[in-house]
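Participant: What follows is query.txt; its format and atoms are compact mmCIF, C-alpha atoms.
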# COMPACT_ATOMS: atom_id res chain seq x y z
CA MET A 1 0.00 0.00 0.00
CA LYS A 2 2.80 2.41 0.95
CA GLN A 3 4.56 1.67 -2.31
CA ALA A 4 1.36 2.36 -4.30
CA ILE A 5 0.84 5.67 -2.48
CA PHE A 6 4.46 6.61 -3.13
CA LEU A 7 4.11 5.84 -6.85
CA ILE A 8 0.90 7.87 -7.11
CA PHE A 9 2.54 10.79 -5.30
CA THR A 10 5.59 10.60 -7.57
CA PHE A 11 3.36 10.53 -10.65
CA LEU A 12 1.44 13.60 -9.47
CA VAL A 13 4.66 15.53 -8.77
CA ILE A 14 6.11 14.67 -12.18
CA SER A 15 2.83 15.52 -13.91
CA SER A 16 2.57 18.88 -12.14
CA HIS A 17 6.13 19.74 -13.13
CA ALA A 18 5.44 18.78 -16.74
CA LEU A 19 2.26 20.82 -16.77
CA PHE A 20 4.09 23.84 -15.34
CA ALA A 21 6.91 23.46 -17.86
CA GLN A 22 4.43 23.53 -20.73
CA SER A 23 2.55 26.57 -19.44
CA GLY A 24 3.16 30.11 -20.55
CA GLY A 25 3.00 31.97 -23.81
CA LYS A 26 3.82 30.83 -27.32
CA VAL A 27 6.61 32.04 -29.60
CA ILE A 28 6.61 31.61 -33.39
CA ASP A 29 9.87 32.74 -34.97
CA ASN A 30 9.59 32.13 -38.71
CA LEU A 31 6.54 34.09 -39.85
CA ALA A 32 6.53 36.41 -42.86
CA VAL A 33 4.70 39.36 -44.31
CA LYS A 34 4.85 40.40 -47.97
CA SER A 35 6.33 43.86 -48.53
CA THR A 36 5.65 45.79 -51.71
CA ILE A 37 7.92 48.61 -50.53
CA LEU A 38 10.94 46.33 -50.06
CA ASP A 39 9.85 43.92 -52.82
CA MET A 40 10.29 40.79 -50.72
CA ASP A 41 8.83 38.75 -47.89
CA ARG A 42 9.93 40.01 -44.49
CA LYS A 43 10.22 37.65 -41.54
CA TYR A 44 9.19 38.31 -37.97
CA SER A 45 8.78 36.53 -34.65
CA ILE A 46 5.89 36.94 -32.25
CA TYR A 47 5.19 36.17 -28.60
CA LEU A 48 1.55 35.49 -27.76
CA PRO A 49 0.60 35.41 -24.06
CA GLU A 50 -0.67 32.20 -22.50
CA ASP A 51 -4.38 33.06 -22.64
CA TYR A 52 -4.32 34.47 -26.19
CA GLU A 53 -6.09 31.47 -27.75
CA SER A 54 -8.76 31.23 -25.07
CA SER A 55 -9.50 34.77 -23.94
CA GLY A 56 -10.87 36.40 -27.08
CA ARG A 57 -9.70 39.78 -25.82
CA SER A 58 -7.30 42.27 -27.42
CA TYR A 59 -3.85 43.00 -26.01
CA PRO A 60 -1.31 45.81 -25.81
CA VAL A 61 1.74 45.37 -28.02
CA LEU A 62 5.48 45.82 -27.64
CA TYR A 63 7.62 46.06 -30.78
CA LEU A 64 11.00 44.62 -29.76
CA LEU A 65 13.92 45.35 -32.12
CA HIS A 66 17.11 43.29 -32.43
CA GLY A 67 20.67 44.51 -32.86
CA ALA A 68 23.15 44.38 -35.74
CA GLY A 69 24.08 40.86 -36.79
CA ASP A 70 20.92 39.27 -35.42
CA ASP A 71 17.52 38.85 -37.01
CA GLN A 72 13.94 38.26 -35.85
CA THR A 73 15.12 35.26 -33.82
CA GLY A 74 17.67 37.19 -31.74
CA TRP A 75 15.37 38.06 -28.85
CA VAL A 76 13.89 34.55 -29.02
CA GLN A 77 17.12 32.56 -29.01
CA PHE A 78 19.54 34.78 -27.08
CA GLY A 79 17.16 37.12 -25.29
CA GLU A 80 14.95 34.33 -23.90
CA VAL A 81 11.91 36.50 -24.46
CA LYS A 82 9.41 33.71 -23.80
CA HIS A 83 10.89 32.72 -20.44
CA ILE A 84 11.30 36.33 -19.29
CA ALA A 85 7.84 37.46 -20.45
CA ASP A 86 6.12 34.39 -18.99
CA LYS A 87 7.84 34.93 -15.64
CA ALA A 88 7.07 38.65 -15.52
CA ILE A 89 3.40 38.04 -16.34
CA GLN A 90 3.05 35.16 -13.87
CA GLU A 91 4.62 37.25 -11.11
CA GLY A 92 2.36 40.20 -11.83
CA LEU A 93 5.24 42.47 -12.88
CA SER A 94 3.94 42.71 -16.44
CA THR A 95 0.52 42.72 -17.99
CA ALA A 96 -0.15 40.13 -20.69
CA MET A 97 0.99 41.62 -23.99
CA ILE A 98 1.90 40.65 -27.53
CA ILE A 99 5.58 41.10 -28.39
CA VAL A 100 6.53 41.52 -32.05
CA MET A 101 10.11 41.12 -33.30
CA PRO A 102 10.75 42.09 -36.95
CA ASP A 103 13.80 41.17 -39.04
CA ALA A 104 16.01 44.14 -39.99
CA ASN A 105 19.02 42.13 -41.16
CA THR A 106 17.93 40.80 -44.55
CA GLY A 107 18.54 42.71 -47.77
CA GLN A 108 20.13 45.71 -46.09
CA ARG A 109 20.83 45.94 -42.38
CA GLY A 110 19.04 48.56 -40.32
CA TYR A 111 15.71 50.16 -39.44
CA PHE A 112 15.99 53.36 -41.51
CA ASN A 113 15.31 54.56 -45.01
CA SER A 114 18.40 54.97 -47.15
CA PRO A 115 19.33 58.51 -48.25
CA LYS A 116 19.74 57.00 -51.72
CA ASN A 117 16.03 56.12 -51.64
CA ASP A 118 16.77 52.53 -52.65
CA TRP A 119 15.82 50.86 -49.35
CA ASN A 120 12.93 52.33 -47.39
CA TYR A 121 12.66 50.19 -44.25
CA GLU A 122 11.00 52.92 -42.20
CA ASP A 123 8.23 53.18 -44.77
CA PHE A 124 7.82 49.41 -44.67
CA PHE A 125 7.63 49.38 -40.88
CA PHE A 126 5.02 52.11 -40.53
CA ASP A 127 3.01 51.66 -43.73
CA GLU A 128 3.02 47.87 -44.14
CA PHE A 129 4.36 45.99 -41.13
CA MET A 130 2.53 47.65 -38.24
CA PRO A 131 -0.84 47.73 -40.08
CA TYR A 132 -0.45 44.05 -41.00
CA ILE A 133 0.44 42.99 -37.45
CA GLU A 134 -2.35 44.98 -35.86
CA LYS A 135 -4.96 43.59 -38.26
CA THR A 136 -3.71 39.99 -38.06
CA TYR A 137 -3.55 39.73 -34.26
CA ARG A 138 -5.92 40.93 -31.56
CA ILE A 139 -4.04 44.10 -30.70
CA ARG A 140 -5.38 47.28 -29.15
CA THR A 141 -4.45 49.92 -31.70
CA GLU A 142 -4.62 53.08 -29.59
CA LYS A 143 -1.29 54.78 -28.93
CA ARG A 144 -1.48 54.17 -25.17
CA TYR A 145 -1.37 50.41 -25.75
CA ARG A 146 1.65 50.44 -28.08
CA ALA A 147 5.32 50.55 -26.99
CA ILE A 148 8.70 50.01 -28.61
CA ALA A 149 12.06 48.81 -27.31
CA GLY A 150 15.30 47.47 -28.73
CA LEU A 151 18.99 46.89 -28.17
CA SER A 152 22.02 48.49 -29.85
CA MET A 153 21.02 49.04 -33.50
CA GLY A 154 17.47 48.27 -32.37
CA GLY A 155 17.89 50.83 -29.60
CA GLY A 156 18.70 53.34 -32.32
CA GLY A 157 15.58 52.27 -34.18
CA THR A 158 13.58 52.69 -30.99
CA LEU A 159 14.90 56.23 -30.53
CA MET A 160 14.26 57.35 -34.09
CA TYR A 161 10.82 55.77 -34.38
CA ALA A 162 9.55 57.21 -31.09
CA LEU A 163 11.11 60.64 -31.68
CA GLN A 164 9.85 60.84 -35.25
CA ARG A 165 6.43 59.32 -34.56
CA PRO A 166 5.47 60.18 -30.96
CA ASP A 167 1.85 59.93 -32.05
CA LEU A 168 2.23 56.13 -32.28
CA PHE A 169 4.05 55.04 -29.12
CA SER A 170 3.20 55.50 -25.45
CA ALA A 171 6.61 54.28 -24.25
CA ALA A 172 10.08 53.74 -25.70
CA CYS A 173 12.92 51.77 -24.12
CA PRO A 174 16.27 51.98 -25.95
CA LEU A 175 18.87 49.61 -24.47
CA SER A 176 22.59 50.19 -25.12
CA ALA A 177 21.39 52.28 -28.03
CA TYR A 178 23.33 53.52 -31.01
CA VAL A 179 22.10 57.11 -30.97
CA GLY A 180 23.46 57.96 -34.41
CA PRO A 181 26.54 60.05 -35.25
CA ILE A 182 27.54 62.36 -32.39
CA SER A 183 28.21 65.26 -34.77
CA LEU A 184 27.55 66.30 -38.36
CA ASP A 185 31.27 66.00 -39.14
CA GLU A 186 31.26 62.40 -37.94
CA ALA A 187 28.15 61.71 -39.98
CA LEU A 188 29.58 63.17 -43.19
CA GLU A 189 32.88 61.34 -42.77
CA ARG A 190 31.06 58.02 -42.44
CA TRP A 191 28.24 58.49 -44.92
CA GLU A 192 30.18 60.05 -47.80
CA LYS A 193 31.68 56.60 -48.39
CA GLN A 194 28.64 54.55 -47.41
CA TYR A 195 26.26 56.62 -49.53
CA ALA A 196 28.50 57.64 -52.40
CA GLY A 197 26.74 59.96 -54.84
CA VAL A 198 24.42 61.58 -52.28
CA SER A 199 25.01 65.34 -51.99
CA GLU A 200 26.35 66.87 -48.78
CA LYS A 201 23.14 68.88 -48.46
CA ASP A 202 21.02 65.73 -48.58
CA LEU A 203 23.31 63.99 -46.07
CA GLU A 204 22.95 66.97 -43.72
CA ALA A 205 19.15 66.67 -43.97
CA TYR A 206 19.45 62.93 -43.35
CA TYR A 207 21.56 63.62 -40.25
CA GLN A 208 18.93 65.96 -38.85
CA HIS A 209 16.36 63.19 -39.19
CA HIS A 210 18.52 60.28 -37.99
CA SER A 211 20.49 61.70 -35.09
CA ALA A 212 18.75 61.23 -31.76
CA LEU A 213 20.67 64.19 -30.34
CA GLU A 214 19.46 66.48 -33.13
CA LEU A 215 15.89 65.22 -32.85
CA VAL A 216 15.90 65.88 -29.10
CA LYS A 217 17.49 69.30 -29.60
CA ASN A 218 14.77 70.30 -32.05
CA ILE A 219 11.78 68.56 -30.49
CA PRO A 220 8.58 70.64 -30.61
CA GLU A 221 7.40 71.91 -27.24
CA ASP A 222 4.08 70.05 -27.46
CA GLN A 223 5.84 66.71 -28.06
CA LYS A 224 8.39 66.85 -25.23
CA ASN A 225 6.53 64.54 -22.90
CA SER A 226 4.26 62.63 -25.25
CA VAL A 227 6.39 59.45 -24.90
CA ARG A 228 7.51 57.78 -21.65
CA TRP A 229 11.25 57.04 -21.88
CA TYR A 230 13.36 54.33 -20.24
CA ILE A 231 17.02 54.51 -21.31
CA ASP A 232 19.51 51.89 -20.10
CA CYS A 233 23.21 51.38 -20.88
CA GLY A 234 26.02 49.49 -19.18
CA ASP A 235 28.88 51.39 -17.56
CA GLY A 236 31.34 49.35 -19.62
CA ASP A 237 29.45 49.65 -22.91
CA PHE A 238 31.30 51.20 -25.85
CA LEU A 239 28.13 53.20 -26.64
CA TYR A 240 28.09 54.88 -23.21
CA GLU A 241 29.06 58.32 -24.62
CA GLY A 242 26.08 58.64 -26.95
CA ASN A 243 23.67 57.43 -24.27
CA SER A 244 25.12 59.85 -21.71
CA LEU A 245 24.88 62.76 -24.16
CA LEU A 246 21.30 61.75 -24.90
CA HIS A 247 20.48 61.88 -21.19
CA ILE A 248 22.07 65.34 -20.91
CA ALA A 249 20.22 66.59 -24.00
CA MET A 250 16.90 65.35 -22.60
CA ARG A 251 17.62 67.00 -19.25
CA LYS A 252 18.35 70.30 -20.97
CA LYS A 253 15.08 70.08 -22.92
CA GLU A 254 13.22 69.05 -19.74
CA ILE A 255 12.06 65.79 -21.32
CA GLU A 256 11.00 63.42 -18.58
CA HIS A 257 12.82 60.08 -18.75
CA GLU A 258 14.24 57.24 -16.71
CA PHE A 259 18.00 56.85 -17.20
CA ARG A 260 19.91 53.82 -15.96
CA ILE A 261 23.64 53.14 -15.96
CA ARG A 262 24.20 49.65 -14.58
CA ASP A 263 27.19 47.38 -14.22
CA GLY A 264 27.69 45.65 -17.56
CA VAL A 265 28.88 45.70 -21.15
CA HIS A 266 27.38 45.34 -24.62
CA SER A 267 26.14 41.78 -24.15
CA TRP A 268 23.09 39.54 -24.11
CA SER A 269 23.45 38.92 -20.39
CA TYR A 270 22.96 42.67 -19.90
CA TRP A 271 19.92 42.87 -22.20
CA ARG A 272 18.31 39.80 -20.64
CA SER A 273 18.58 41.51 -17.27
CA ALA A 274 17.07 44.69 -18.75
CA LEU A 275 14.03 43.08 -20.37
CA PRO A 276 12.02 42.49 -17.15
CA GLU A 277 12.42 46.18 -16.31
CA VAL A 278 11.27 47.11 -19.80
CA LEU A 279 8.14 44.97 -19.46
CA THR A 280 7.35 46.50 -16.08
CA PHE A 281 7.93 50.03 -17.39
CA VAL A 282 5.70 49.72 -20.44
CA THR A 283 3.04 47.96 -18.35
CA ALA A 284 2.75 51.04 -16.14
CA GLY A 285 1.67 53.02 -19.20
CA PHE A 286 -0.70 50.34 -20.44
CA HIS A 287 -2.46 50.58 -17.08
CA GLN A 288 -4.46 53.55 -15.86
CA PHE A 289 -2.34 55.99 -13.83
Give the structure from the file, written as structure tokens.
Facilitator:
Amino acid sequence: MKQAIFLIFTFLVISSHALFAQSGGKVIDNLAVKSTILDMDRKYSIYLPEDYESSGRSYPVLYLLHGAGDDQTGWVQFGEVKHIADKAIQEGLSTAMIIVMPDANTGQRGYFNSPKNDWNYEDFFFDEFMPYIEKTYRIRTEKRYRAIAGLSMGGGGTLMYALQRPDLFSAACPLSAYVGPISLDEALERWEKQYAGVSEKDLEAYYQHHSALELVKNIPEDQKNSVRWYIDCGDGDFLYEGNSLLHIAMRKKEIEHEFRIRDGVHSWSYWRSALPEVLTFVTAGFHQF
């Protein structure tokens, strides 16, 4: 009898562990949307919260951008987005949300339009990708339920998208972000080779539109606090200067923001530790203050 009870108990423990291991949200990392603007299929990954299939309700959305050298699977494979999001939701630190991770590594690398007008990724993102995602999945489409975050190159995308389109995002969380060239001279030196044939005048205009420091410097008064900002960079990160200058520029313009310098470098261990804070931060905006 004791042996039978022990076996039943063991079975229940193993079953409960298996059930727990299988719980949580779902990640699909090889989806695609057709782009007329880029003339190709563009891949993306998506995290759907645990109750997505059963609830019937609509969810807030976080667009989560990868860095240079990765693709739409970066946050899935290296960032452990499913584990971190599941844990944050289960612990009540994050509301259930949909997390969308587009590929910006195929064709040409990056989240911006080219000054040569031969690769318009920004146009794809705003005119094709976001509308497709928000029609295909049960997403709440008001600004207050939409946030954006990203690391390194994706942190730069986060900055530019939220600064250029503050009407679309309630919160923005650039992590270890590339803020763009620190000065116009640096920009021209780099881009004159990269974008051969583009006039200096056009490159100057491109700099004004793709430098976070310039965008902050020239931000309209009525847009200063239309986005909630969470900026995070490691104290040993090679991009610390741009992030520090961004913080100073925002302070001078009296733009409210959270700024974090933590122990760490430009690495996935740092960004994994940042993601729970990002989820908690954007959740605060999705809720009613």
Participant: Go through A:Val227, A:Val27, A:Ala284, A:Met101 one by one, measure the shortest atom-to-atom distance of each to His83 (chain A) using all atoms listed in the file, and give the residue with the smallest value.
Facilitator: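 The answer is A:Val27, which sits nearest to His83 (chain A).
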Participant: Which residue out of A:Leu64, A:Leu159, A:Ala187, A:Ala274 has the minimum interatomic distance to Leu215 (chain A) when all atoms listed in the file are used?
Facilitator: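 Going through A:Leu64, A:Leu159, A:Ala187, A:Ala274 one by one, the smallest distance to Leu215 (chain A) is for A:Leu159.
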Participant: Quick one: everything within 10 Å of Asn113 (chain A), counting only C-alpha atoms, minus sequence neighbours fewer than 2 positions away in the same chain. Send it as number ranges by chain.
Facilitator: A: 110-111, 115-124, 206, 210
Participant: What is the distance, in Å and to one decimal place, between CA of Lys34 (chain A) and CA of Met130 (chain A)?
Facilitator: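 About the pair CA of Lys34 (chain A) and CA of Met130 (chain A): they are 12.4 Å apart.
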Participant: So what do you get for CA of Pro49 (chain A) versus CA of Ala32 (chain A), distance-wise?
Facilitator: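 Interatomic distance, CA of Pro49 (chain A) to CA of Ala32 (chain A): 19.7 Å.
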Participant: Need the shell around Ala177 (chain A): protein/DNA/RNA residues with any atom at most 12 Å away, counting only C-alpha atoms. Skip same-chain ones fewer than 5 positions apart. Format as a PDB file with C-alpha atoms, in the coordinates of the input?
Facilitator:
ATOM      1  CA  LEU A  65      13.920  45.350 -32.120  1.00  0.00           C
ATOM      2  CA  HIS A  66      17.110  43.290 -32.430  1.00  0.00           C
ATOM      3  CA  GLY A  67      20.670  44.510 -32.860  1.00  0.00           C
ATOM      4  CA  ALA A  68      23.150  44.380 -35.740  1.00  0.00           C
ATOM      5  CA  ALA A 149      12.060  48.810 -27.310  1.00  0.00           C
ATOM      6  CA  GLY A 150      15.300  47.470 -28.730  1.00  0.00           C
ATOM      7  CA  LEU A 151      18.990  46.890 -28.170  1.00  0.00           C
ATOM      8  CA  SER A 152      22.020  48.490 -29.850  1.00  0.00           C
ATOM      9  CA  MET A 153      21.020  49.040 -33.500  1.00  0.00           C
ATOM     10  CA  GLY A 154      17.470  48.270 -32.370  1.00  0.00           C
ATOM     11  CA  GLY A 155      17.890  50.830 -29.600  1.00  0.00           C
ATOM     12  CA  GLY A 156      18.700  53.340 -32.320  1.00  0.00           C
ATOM     13  CA  GLY A 157      15.580  52.270 -34.180  1.00  0.00           C
ATOM     14  CA  THR A 158      13.580  52.690 -30.990  1.00  0.00           C
ATOM     15  CA  LEU A 159      14.900  56.230 -30.530  1.00  0.00           C
ATOM     16  CA  MET A 160      14.260  57.350 -34.090  1.00  0.00           C
ATOM     17  CA  ALA A 172      10.080  53.740 -25.700  1.00  0.00           C
ATOM     18  CA  SER A 211      20.490  61.700 -35.090  1.00  0.00           C
ATOM     19  CA  ALA A 212      18.750  61.230 -31.760  1.00  0.00           C
ATOM     20  CA  TYR A 230      13.360  54.330 -20.240  1.00  0.00           C
ATOM     21  CA  ILE A 231      17.020  54.510 -21.310  1.00  0.00           C
ATOM     22  CA  ASP A 232      19.510  51.890 -20.100  1.00  0.00           C
ATOM     23  CA  CYS A 233      23.210  51.380 -20.880  1.00  0.00           C
ATOM     24  CA  GLY A 234      26.020  49.490 -19.180  1.00  0.00           C
ATOM     25  CA  ASP A 237      29.450  49.650 -22.910  1.00  0.00           C
ATOM     26  CA  PHE A 238      31.300  51.200 -25.850  1.00  0.00           C
ATOM     27  CA  LEU A 239      28.130  53.200 -26.640  1.00  0.00           C
ATOM     28  CA  TYR A 240      28.090  54.880 -23.210  1.00  0.00           C
ATOM     29  CA  GLU A 241      29.060  58.320 -24.620  1.00  0.00           C
ATOM     30  CA  GLY A 242      26.080  58.640 -26.950  1.00  0.00           C
ATOM     31  CA  ASN A 243      23.670  57.430 -24.270  1.00  0.00           C
ATOM     32  CA  SER A 244      25.120  59.850 -21.710  1.00  0.00           C
ATOM     33  CA  LEU A 245      24.880  62.760 -24.160  1.00  0.00           C
ATOM     34  CA  LEU A 246      21.300  61.750 -24.900  1.00  0.00           C
ATOM     35  CA  HIS A 247      20.480  61.880 -21.190  1.00  0.00           C
ATOM     36  CA  HIS A 266      27.380  45.340 -24.620  1.00  0.00           C
ATOM     37  CA  TRP A 271      19.920  42.870 -22.200  1.00  0.00           C
TER      38      TRP A 271
END
Participant: Between CA of Asn30 (chain A) and CA of Tyr47 (chain A), measure the distance and give it in Å to one decimal.
Facilitator: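 We find that CA of Asn30 (chain A) and CA of Tyr47 (chain A) lie 11.7 Å from each other.
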Participant: Taking only C-alpha atoms into account, name the residue in A:Ala96, A:Leu168, A:Ile139, A:Ala196 that is nearest to Thr280 (chain A).
Facilitator: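 Among A:Ala96, A:Leu168, A:Ile139, A:Ala196, it is A:Ala96 that comes nearest to Thr280 (chain A).
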Participant: With only C-alpha atoms counted, which protein, DNA or RNA residues have an atom no more than 10 Å from (-5.5, 42.8, -20.5) in the file frame? Please answer as a list in words.
Facilitator: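 Final list of nearby residues, as requested, is Ser55, Arg57, Ser58, Tyr59, Pro60, Thr95, Ala96, Met97, Arg140, Phe286 and His287 of chain A.
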Participant: Which of these, A:Phe125, A:Phe281, A:Tyr195, A:Trp229, has the shortest distance to Glu256 (chain A) once you count only C-alpha atoms?
Facilitator: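 Of the candidates, the smallest distance to Glu256 (chain A) is held by A:Trp229.
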Participant: Dig up all the protein and nucleic acid residues within 12 Å of (29.8, 59.3, -43.4) in the file frame, using only C-alpha atoms, and format them as a PyMOL selection string.
Facilitator: chain A and resi 115+180-200+203-204+206-207
Participant: Looking at A:Val100, A:Lys253, A:Asp51, A:Gln208, which one is nearest to Tyr132 (chain A), with distances taken over only C-alpha atoms?
Facilitator: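 Closest to Tyr132 (chain A) of all the choices is A:Val100.
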Participant: Let me make sure I understand: among A:Gly74, A:Leu279, A:Asn218, A:Ala147, which one has the smallest atom-to-atom distance to Asp86 (chain A) if we use only C-alpha atoms?
Facilitator: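 Using only C-alpha atoms, the shortest distance to Asp86 (chain A) belongs to A:Leu279.
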Participant: Determine, counting all atoms listed in the file, which protein, DNA and RNA residues have an atom within 6 Å of an atom of Asp103 (chain A); residues of the same chain fewer than 4 positions away are not included. Present the result as an MDAnalysis selection string.
Facilitator: chainID A and resid 43:44 71:72
